[in-house]
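A.B. asks: Next up is a structure, given as structure tokens.
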Amino acid sequence: MANDVKSITLGCRLNLRESEVMAEYARAQALGDAVIINTCAVTNEAARQSRQTVRRAVRDHEGAKIIVTGCAAQIEPEVFKAVDGVDRVLGNNEKMHETSFAPKAKSKISNIMQSRDISLGPVGTASERSRAIVQVQTGCDHRCTFCIIPYGRGNSRSVPASKVAAQVRALSENGFNEVVLSGVDISSWGDDLPGTPKLDTPKLGQLVSDILAAAPALSRLRLSSIDPAEIDEKLFTLVATEPRLTPYLHLSLQHGDNMILKRMKRRHTREQAIKLCADLRRVRPDISFGADIIAGFPTETDEMFENALKLVEECALAWLHVFPFSARSNTPAARMPLVDGKLVKERAKKLRQAGEQAQTRFLKARAYGYDLALIEKGGLGRLADFSPVKLPAHNIPAGQLHPVRITGYDNGNLLGELA
């Protein structure tokens with residue numbers, strides 16, 4: 001088909017939003033048949049999957065322009081340029097410029113560490129998906145010892161609050177009931193923006209407040225993964241008092257042992273993480289928490305792993321993302337004494353089992369009663385606290401909010417019916 005643009009996204013939610021923008025740019029530029037692959041480099045395994053995906057796309061889409069971008073392409077562009085059949089490789093800056101998708105455009109990868117700009121892309125419509133993703137920030141100023149992403153995304157850059165608020169308002173007016181704020185490290189939003197005489201640099205809580213004021217018709221505002229070390233006082237108050245801010249936070253915890261956290265160069269302790277969850281639950285009893293935890297980080301002993309395992313219950317985590325440690329080349333952690341690979345897998349399995357048990361307990365406690373669900377595709381609805389509800393066949397469009405009656409629980413989902 002002429003002008004058939006396909007995008008393949010690996011990695012984070014921010015990549016998903018950027019893939020939507022790139023596909024729209026490619027169609028606007030009449031690029032023709034094309035496959036845009038937005039790669040990930042968070043681990044060596046992610047980089048391997050990115051290379052594999054590119055080779056498969058070349059094989060499966062003969063005659064189409066193959067465009068490779070994303071973090072793996074930014075960090076190792078020559079690897080992808082060398083793949084026979086790849087039309088161009090774009091850096092993370094270049095992929096957000098429409099002219100990069102002109103039919104005769106060439107590969108371009110600038111020095112991401114010198115970048116100061118950030119592009120939001122066009123506003124979408126509610127016919128495209130259940131919820132909108134808005135980028136508020138990119139890059140990261142921190143240097144966790146296991147992470148390569150700052151070298152794929154650059155230093156932290158924030159979108160000014162006025163631009164974010166205007167886009168969220170437009171999305172709400174276009175029919176979206178839920179908007180997700182996304183970035184590489186959204187907790188650091190504002191650190192690079194100029195302050196005012198009454199305010200140093202603006203913080204995430206101020207951004208959330210500005211958005212809610214600018215988009216009064218928006219039903220739900222959701223935050224993507226945030227750093228527990230950077231929840232400012234205003235954001236804490238909004239979580240406690242603002243019903244439109246969803247009662248769900250995904251915390252970038254990474255571990256539950258203080259020595260491992262120190263070796264990771266994280267900026268919180270296990271005690272601070274536990275206290276934060278308890279404090280938030282005290283002011284917002286209906287809140288739920290997700291978290292990232294790495295299993296088998298270098299030097300991790302049995303006792304250290306147990307501290308990570310206990311954190312699932314101590315923080316009452318309902319949604320656990322477990323990552324077996326995968327040494328990323330050119331990071332400090334890759335030079336630390338590694339844990340045996342078999343043991344890493346065993347520990348990751350134990351963490352996943354603990355996460356599944358915690359999720360089951362949480363969902364069973366949520367079963368029965370009435371709530372409001374955002375209708376998703378595939379017969380699911382999503383409650384404000386992130387709980388999935390399996391619904392019977394219906395003709396309600398995705399993205400609509402609809403009351404549901406929760407009737408039970410089964411296999412990772414609440415069961416419900418339209419009320």
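Going through the structure tokens in order, the chains are called A, B, and so on, while each chain numbers its residues from 1 and the ligands are numbered from 1 in the order shown.
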In segment 295-359 of chain A, what's strand (DSSP E) per DSSP? Answer as a PDB file with C-alpha atoms, in the first residue's frame?

C.D. replies:
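Everything below was put into part34.pdb:
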ATOM      1  CA  ALA A 295      17.168  -8.826  41.004  1.00  0.00           C
ATOM      2  CA  LEU A 317       3.408  -2.907  46.221  1.00  0.00           C
ATOM      3  CA  ALA A 318       0.572  -4.104  44.009  1.00  0.00           C
ATOM      4  CA  TRP A 319       2.250  -3.861  40.593  1.00  0.00           C
ATOM      5  CA  LEU A 320       5.811  -5.129  40.396  1.00  0.00           C
ATOM      6  CA  HIS A 321       8.165  -4.862  37.420  1.00  0.00           C
ATOM      7  CA  VAL A 322      11.084  -7.230  38.018  1.00  0.00           C
ATOM      8  CA  PHE A 323      14.295  -6.924  36.028  1.00  0.00           C
ATOM      9  CA  PRO A 324      17.000  -9.612  36.288  1.00  0.00           C
TER      10      PRO A 324
END

A.B. asks: Name the residues in contact with Ile66 of chain A at a cut-off of 10 Å, using only C-alpha atoms, excluding same-chain residues fewer than 3 positions from it; report them as a list of chain:residue names.

C.D. replies: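 Near neighbours after the sequence-gap exclusion: A:Lys6, A:Ser7, A:Asp33, A:Ala34, A:Val35, A:Ile36, A:Ile37, A:Val54, A:Arg55, A:Ala57, A:Val58, A:His61, A:Glu62, A:Gly63, A:Gly85, A:Val86, A:Asp87, A:Arg88, A:Val89.
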
A.B. asks: Deliver the residues from the most recent selection as a file, using C-alpha atoms, as an mmCIF file, in the first residue's frame.

C.D. replies:
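Result file is part_21.cif:
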data_model
loop_
_atom_site.group_PDB
_atom_site.id
_atom_site.type_symbol
_atom_site.label_atom_id
_atom_site.label_comp_id
_atom_site.auth_asym_id
_atom_site.auth_seq_id
_atom_site.Cartn_x
_atom_site.Cartn_y
_atom_site.Cartn_z
ATOM 1 C CA LYS A 6 4.308 1.088 10.428
ATOM 2 C CA SER A 7 6.003 1.803 13.741
ATOM 3 C CA ASP A 33 6.029 2.487 2.608
ATOM 4 C CA ALA A 34 8.144 2.662 5.749
ATOM 5 C CA VAL A 35 8.851 0.891 9.026
ATOM 6 C CA ILE A 36 10.050 3.071 11.909
ATOM 7 C CA ILE A 37 11.767 1.114 14.697
ATOM 8 C CA VAL A 54 15.709 -4.288 12.897
ATOM 9 C CA ARG A 55 17.004 -7.356 11.061
ATOM 10 C CA ALA A 57 11.945 -5.755 9.792
ATOM 11 C CA VAL A 58 14.392 -5.686 6.878
ATOM 12 C CA HIS A 61 9.193 -5.645 4.781
ATOM 13 C CA GLU A 62 11.011 -5.901 1.489
ATOM 14 C CA GLY A 63 10.926 -2.634 -0.423
ATOM 15 C CA GLY A 85 18.532 -2.658 4.125
ATOM 16 C CA VAL A 86 18.385 0.132 6.703
ATOM 17 C CA ASP A 87 17.475 3.378 4.940
ATOM 18 C CA ARG A 88 18.484 5.817 7.709
ATOM 19 C CA VAL A 89 19.391 6.058 11.378
#

A.B. asks: Go through A:Arg116, A:His142, A:Lys265, A:Arg382 and flag the residue nearest Arg157 of chain A, using only C-alpha atoms for the distances.

C.D. replies: A:Arg116

A.B. asks: Any idea what the distance is between atom CA of Leu238 of chain A and atom CA of Ile133 of chain A?

C.D. replies: 20.1 Å

A.B. asks: Residues of segment 165-396 of chain A in alpha helix (DSSP H) according to DSSP, as a short mmCIF file (atom, residue, chain, number, x, y, z; two decimals) with C-alpha atoms, in the first residue's frame?

C.D. replies:
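Result file selection38.cif:
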data_model
loop_
_atom_site.label_atom_id
_atom_site.label_comp_id
_atom_site.auth_asym_id
_atom_site.auth_seq_id
_atom_site.Cartn_x
_atom_site.Cartn_y
_atom_site.Cartn_z
CA ALA A 165 -0.88 22.71 30.15
CA ALA A 166 -1.99 23.96 26.74
CA GLN A 167 -1.47 20.55 25.18
CA VAL A 168 -3.33 18.74 27.96
CA ARG A 169 -6.20 21.21 27.65
CA ALA A 170 -6.32 20.60 23.88
CA LEU A 171 -6.31 16.84 24.39
CA SER A 172 -9.15 17.14 26.88
CA GLU A 173 -11.12 19.26 24.41
CA LEU A 204 6.47 18.68 39.39
CA GLY A 205 3.74 19.53 41.89
CA GLN A 206 3.46 23.01 40.39
CA LEU A 207 3.21 21.56 36.88
CA VAL A 208 0.42 19.19 37.95
CA SER A 209 -1.41 22.10 39.60
CA ASP A 210 -1.11 24.22 36.45
CA ILE A 211 -2.39 21.39 34.26
CA LEU A 212 -5.43 20.70 36.43
CA ALA A 213 -6.28 24.41 36.47
CA ALA A 214 -5.88 24.73 32.67
CA GLU A 233 5.55 18.99 49.07
CA LYS A 234 3.03 20.41 46.60
CA LEU A 235 2.79 17.11 44.70
CA PHE A 236 2.27 15.25 47.99
CA THR A 237 -0.58 17.63 48.86
CA LEU A 238 -2.17 17.17 45.43
CA VAL A 239 -2.05 13.38 45.78
CA ALA A 240 -3.84 13.81 49.11
CA THR A 241 -6.49 16.28 47.99
CA ASN A 258 20.61 0.20 51.59
CA MET A 259 24.06 -1.01 50.55
CA ILE A 260 22.82 -2.03 47.12
CA LEU A 261 20.96 1.28 46.77
CA LYS A 262 24.21 3.05 47.59
CA ARG A 263 26.13 1.00 45.02
CA MET A 264 23.42 1.83 42.49
CA ARG A 270 14.72 1.55 52.12
CA GLU A 271 13.42 3.35 55.23
CA GLN A 272 12.56 6.44 53.20
CA ALA A 273 10.73 4.34 50.60
CA ILE A 274 8.68 2.55 53.26
CA LYS A 275 7.84 5.85 55.02
CA LEU A 276 6.84 7.51 51.74
CA CYS A 277 4.38 4.73 50.90
CA ALA A 278 2.95 4.78 54.43
CA ASP A 279 2.59 8.57 54.40
CA LEU A 280 0.88 8.58 51.00
CA ARG A 281 -1.46 5.78 52.03
CA ARG A 282 -2.35 7.71 55.18
CA VAL A 283 -3.48 10.77 53.20
CA ASP A 302 21.19 -13.55 50.17
CA GLU A 303 20.53 -11.10 53.00
CA MET A 304 20.48 -8.13 50.62
CA PHE A 305 18.07 -9.94 48.33
CA GLU A 306 15.78 -10.69 51.27
CA ASN A 307 15.61 -6.95 51.96
CA ALA A 308 14.44 -6.43 48.39
CA LEU A 309 11.91 -9.23 48.73
CA LYS A 310 10.52 -7.85 51.99
CA LEU A 311 10.02 -4.44 50.40
CA VAL A 312 7.08 -5.83 48.39
CA GLU A 313 5.06 -6.21 51.58
CA GLU A 314 6.60 -3.33 53.51
CA GLY A 341 23.48 -15.92 36.30
CA LYS A 342 21.50 -18.91 37.56
CA LEU A 343 21.10 -17.27 40.96
CA VAL A 344 19.97 -14.02 39.32
CA LYS A 345 17.19 -15.92 37.52
CA GLU A 346 16.14 -17.70 40.73
CA ARG A 347 15.93 -14.42 42.62
CA ALA A 348 13.99 -12.76 39.82
CA LYS A 349 11.53 -15.66 39.88
CA LYS A 350 11.04 -15.28 43.65
CA LEU A 351 10.43 -11.56 43.26
CA ARG A 352 7.90 -12.14 40.50
CA GLN A 353 6.09 -14.70 42.62
CA ALA A 354 5.97 -12.24 45.52
CA GLY A 355 4.67 -9.58 43.14
CA GLU A 356 1.95 -11.88 41.79
CA GLN A 357 0.84 -12.77 45.31
CA ALA A 358 0.74 -9.10 46.30
CA GLN A 359 -1.25 -8.21 43.19
CA THR A 360 -3.73 -11.00 43.86
CA ARG A 361 -4.23 -9.81 47.45
CA PHE A 362 -4.74 -6.26 46.27
CA LEU A 363 -7.26 -7.13 43.55
CA LYS A 364 -9.22 -9.53 45.75
CA ALA A 365 -9.54 -6.74 48.31
CA ARG A 366 -10.88 -4.49 45.50
#

A.B. asks: Name the closest residue to Ala367 of chain A among the candidates A:Val79, A:Ala333, A:Leu10, A:Leu415; distances are taken between atoms, counting only C-alpha atoms.

C.D. replies: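 Closest to Ala367 of chain A of all the choices is A:Leu415.
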
A.B. asks: Give me the residues within 9 Å of Gln137 of chain A as number ranges by chain, counting only C-alpha atoms and dropping any in the same chain fewer than 3 places off.

C.D. replies: A: 118, 156-159, 181-186, 188-190

A.B. asks: Just to confirm, what's the straight-line distance from atom CA of Asp227 of chain A to atom CA of Ser288 of chain A in Å (one decimal)?

C.D. replies: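 Going from atom CA of Asp227 of chain A over to atom CA of Ser288 of chain A, I get 15.7 Å.
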
A.B. asks: Could you check which of A:Val21, A:Leu338, A:Leu16, A:Ile287 is closest to Ser326 of chain A, using only C-alpha atoms?

C.D. replies: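 Of A:Val21, A:Leu338, A:Leu16, A:Ile287, the one nearest Ser326 of chain A, counting only C-alpha atoms, is A:Leu338.
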
A.B. asks: Excluding Ala229 of chain A and its own-chain neighbours fewer than 2 positions away, which residues fall within 8 Å of it when counting only C-alpha atoms? Please give them as number ranges by chain.

C.D. replies: A: 227, 231, 267-268

A.B. asks: Between atom CA of Ser19 of chain A and atom CA of Thr39 of chain A, measure the distance and give it in Å to one decimal.

C.D. replies: 10.2 Å

A.B. asks: Applying 12 Å and only C-alpha atoms, which residues near Asp385 of chain A remain after dropping the ones on its own chain fewer than 6 positions away? List them as a ChimeraX atom specification.

C.D. replies: /A:220-223,243-250,284-290,318-319,362-363,366,371-374

A.B. asks: What's the 12 Å shell around segment 96-108 of chain A, counting only C-alpha atoms, without same-chain residues fewer than 5 positions away, as a PyMOL selection string?

C.D. replies: chain A and resi 3+5+15+17-36+38+64-70+73-74+77-78+80-81+86-91+117-122+135

A.B. asks: Limited to N, CA and C atoms, could you put the picked residues into a file as a compact mmCIF listing (two decimals), in the first residue's frame?

C.D. replies:
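Generated output (part23.txt):
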# COMPACT_ATOMS: atom_id res chain seq x y z
N ASN A 3 2.19 4.81 0.93
CA ASN A 3 2.20 5.62 2.15
C ASN A 3 1.76 4.82 3.37
N VAL A 5 2.74 3.45 6.68
CA VAL A 5 3.78 3.66 7.68
C VAL A 5 3.48 2.79 8.89
N ASN A 15 8.77 6.32 24.53
CA ASN A 15 9.01 5.84 23.17
C ASN A 15 7.68 5.64 22.43
N ARG A 17 4.83 7.24 22.81
CA ARG A 17 4.33 8.54 22.37
C ARG A 17 5.13 9.05 21.18
N GLU A 18 6.44 8.93 21.24
CA GLU A 18 7.28 9.43 20.15
C GLU A 18 7.04 8.65 18.86
N SER A 19 6.75 7.36 18.97
CA SER A 19 6.45 6.57 17.78
C SER A 19 5.19 7.07 17.08
N GLU A 20 4.19 7.47 17.86
CA GLU A 20 2.97 8.02 17.28
C GLU A 20 3.28 9.30 16.51
N VAL A 21 4.11 10.15 17.10
CA VAL A 21 4.48 11.42 16.45
C VAL A 21 5.24 11.14 15.16
N MET A 22 6.21 10.22 15.21
CA MET A 22 7.02 9.94 14.02
C MET A 22 6.17 9.39 12.88
N ALA A 23 5.23 8.50 13.19
CA ALA A 23 4.37 7.95 12.15
C ALA A 23 3.53 9.05 11.50
N GLU A 24 3.07 9.99 12.33
CA GLU A 24 2.30 11.11 11.79
C GLU A 24 3.17 11.99 10.91
N TYR A 25 4.40 12.24 11.34
CA TYR A 25 5.33 13.03 10.53
C TYR A 25 5.61 12.34 9.19
N ALA A 26 5.82 11.03 9.24
CA ALA A 26 6.15 10.29 8.01
C ALA A 26 5.01 10.35 7.01
N ARG A 27 3.77 10.26 7.50
CA ARG A 27 2.62 10.36 6.59
C ARG A 27 2.50 11.78 6.03
N ALA A 28 2.73 12.77 6.88
CA ALA A 28 2.64 14.16 6.42
C ALA A 28 3.68 14.46 5.35
N GLN A 29 4.84 13.79 5.43
CA GLN A 29 5.91 14.00 4.47
C GLN A 29 5.79 13.08 3.24
N ALA A 30 4.71 12.29 3.19
CA ALA A 30 4.51 11.35 2.08
C ALA A 30 5.73 10.46 1.88
N LEU A 31 6.20 9.89 2.97
CA LEU A 31 7.41 9.08 2.93
C LEU A 31 7.24 7.81 2.11
N GLY A 32 6.00 7.31 2.04
CA GLY A 32 5.77 6.06 1.34
C GLY A 32 5.81 4.88 2.29
N ASP A 33 5.96 3.68 1.76
CA ASP A 33 6.03 2.49 2.61
C ASP A 33 7.26 2.59 3.51
N ALA A 34 7.03 2.49 4.81
CA ALA A 34 8.14 2.66 5.75
C ALA A 34 7.86 1.92 7.04
N VAL A 35 8.92 1.48 7.69
CA VAL A 35 8.85 0.89 9.03
C VAL A 35 9.80 1.69 9.91
N ILE A 36 9.26 2.29 10.96
CA ILE A 36 10.05 3.07 11.91
C ILE A 36 10.24 2.24 13.17
N ASN A 38 11.67 2.16 16.87
CA ASN A 38 12.08 3.00 17.99
C ASN A 38 12.72 2.10 19.04
N ALA A 64 10.30 -1.62 1.71
CA ALA A 64 9.94 -0.49 2.57
C ALA A 64 11.19 0.21 3.07
N LYS A 65 11.07 1.49 3.35
CA LYS A 65 12.17 2.22 3.97
C LYS A 65 12.22 1.83 5.46
N ILE A 66 13.38 1.37 5.89
CA ILE A 66 13.57 0.98 7.29
C ILE A 66 14.31 2.11 8.00
N ILE A 67 13.63 2.72 8.97
CA ILE A 67 14.21 3.84 9.71
C ILE A 67 14.40 3.42 11.16
N VAL A 68 15.63 3.55 11.64
CA VAL A 68 15.97 3.11 13.00
C VAL A 68 16.29 4.33 13.85
N THR A 69 15.69 4.39 15.03
CA THR A 69 15.94 5.51 15.93
C THR A 69 15.82 5.00 17.38
N GLY A 70 15.78 5.91 18.34
CA GLY A 70 15.68 5.51 19.74
C GLY A 70 17.03 5.44 20.42
N ALA A 73 19.91 3.28 18.92
CA ALA A 73 20.44 3.93 17.72
C ALA A 73 21.27 5.16 18.08
N GLN A 74 20.88 5.88 19.10
CA GLN A 74 21.63 7.06 19.53
C GLN A 74 23.00 6.66 20.08
N PRO A 77 25.03 4.11 16.79
CA PRO A 77 24.46 4.29 15.44
C PRO A 77 25.14 3.46 14.37
N GLU A 78 26.45 3.27 14.49
CA GLU A 78 27.18 2.53 13.45
C GLU A 78 26.71 1.09 13.34
N PHE A 80 23.68 0.00 13.55
CA PHE A 80 22.45 -0.06 12.75
C PHE A 80 22.68 0.44 11.33
N LYS A 81 23.61 1.38 11.15
CA LYS A 81 23.95 1.82 9.80
C LYS A 81 24.55 0.67 8.98
N VAL A 86 18.81 -1.02 5.89
CA VAL A 86 18.38 0.13 6.70
C VAL A 86 18.54 1.40 5.88
N ASP A 87 17.46 2.17 5.76
CA ASP A 87 17.47 3.38 4.94
C ASP A 87 18.16 4.53 5.66
N ARG A 88 17.85 4.73 6.95
CA ARG A 88 18.48 5.82 7.71
C ARG A 88 18.41 5.53 9.20
N VAL A 89 19.34 6.14 9.92
CA VAL A 89 19.39 6.06 11.38
C VAL A 89 19.27 7.48 11.91
N LEU A 90 18.34 7.66 12.85
CA LEU A 90 18.09 8.99 13.40
C LEU A 90 18.35 9.01 14.90
N GLY A 91 18.97 10.08 15.36
CA GLY A 91 19.19 10.24 16.78
C GLY A 91 17.91 10.61 17.51
N ASP A 117 17.06 21.34 23.39
CA ASP A 117 15.67 21.49 22.96
C ASP A 117 14.86 20.23 23.22
N ILE A 118 13.55 20.37 23.15
CA ILE A 118 12.63 19.26 23.35
C ILE A 118 11.36 19.59 22.59
N SER A 119 10.84 18.62 21.83
CA SER A 119 9.68 18.84 20.99
C SER A 119 8.51 17.99 21.48
N LEU A 120 7.32 18.60 21.54
CA LEU A 120 6.14 17.87 22.01
C LEU A 120 5.45 17.07 20.92
N GLY A 121 5.52 17.54 19.69
CA GLY A 121 4.79 16.88 18.62
C GLY A 121 3.33 17.34 18.61
N PRO A 122 2.56 16.92 17.59
CA PRO A 122 1.18 17.37 17.45
C PRO A 122 0.25 16.75 18.48
N GLN A 135 4.48 14.22 26.81
CA GLN A 135 5.87 14.31 27.26
C GLN A 135 6.09 15.64 27.96

A.B. asks: Fewer than 4 positions away in the same chain doesn't count, so skip those; otherwise give me all residues within 10 Å of Gly379 of chain A, counting only C-alpha atoms, as a PDB file with N, CA and C atoms, in the first residue's frame.

C.D. replies:
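Printed below is part-v1.pdb as written:
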ATOM      1  N   ILE A 375     -12.590   2.748  29.550  1.00  0.00           N
ATOM      2  CA  ILE A 375     -12.720   1.616  28.640  1.00  0.00           C
ATOM      3  C   ILE A 375     -11.478   1.513  27.761  1.00  0.00           C
ATOM      4  N   VAL A 389     -10.161  -4.317  34.819  1.00  0.00           N
ATOM      5  CA  VAL A 389     -11.472  -4.959  34.991  1.00  0.00           C
ATOM      6  C   VAL A 389     -11.852  -5.619  33.678  1.00  0.00           C
ATOM      7  N   LYS A 390     -12.069  -6.930  33.710  1.00  0.00           N
ATOM      8  CA  LYS A 390     -12.506  -7.651  32.521  1.00  0.00           C
ATOM      9  C   LYS A 390     -14.011  -7.489  32.383  1.00  0.00           C
ATOM     10  N   LEU A 391     -14.442  -7.003  31.211  1.00  0.00           N
ATOM     11  CA  LEU A 391     -15.848  -6.676  31.001  1.00  0.00           C
ATOM     12  C   LEU A 391     -16.451  -7.529  29.898  1.00  0.00           C
ATOM     13  N   PRO A 392     -17.762  -7.762  29.951  1.00  0.00           N
ATOM     14  CA  PRO A 392     -18.422  -8.496  28.867  1.00  0.00           C
ATOM     15  C   PRO A 392     -18.447  -7.674  27.584  1.00  0.00           C
ATOM     16  N   ALA A 393     -18.809  -8.308  26.488  1.00  0.00           N
ATOM     17  CA  ALA A 393     -18.847  -7.624  25.196  1.00  0.00           C
ATOM     18  C   ALA A 393     -19.759  -6.406  25.265  1.00  0.00           C
ATOM     19  N   HIS A 394     -19.307  -5.315  24.634  1.00  0.00           N
ATOM     20  CA  HIS A 394     -20.084  -4.072  24.641  1.00  0.00           C
ATOM     21  C   HIS A 394     -19.653  -3.240  23.437  1.00  0.00           C
ATOM     22  N   ALA A 398     -13.414   2.886  23.114  1.00  0.00           N
ATOM     23  CA  ALA A 398     -12.253   3.003  23.993  1.00  0.00           C
ATOM     24  C   ALA A 398     -12.029   4.468  24.346  1.00  0.00           C
TER      25      ALA A 398
END

A.B. asks: Name the closest residue to Ser219 of chain A among the candidates A:Thr299, A:Asn111, A:Gln400, A:Thr331; distances are taken between atoms, counting only C-alpha atoms.

C.D. replies: A:Gln400

A.B. asks: Nearest to Asp141 of chain A: which of A:Glu376, A:Met336, A:Val164, A:Ser187 is it, counting only C-alpha atoms?

C.D. replies: A:Ser187
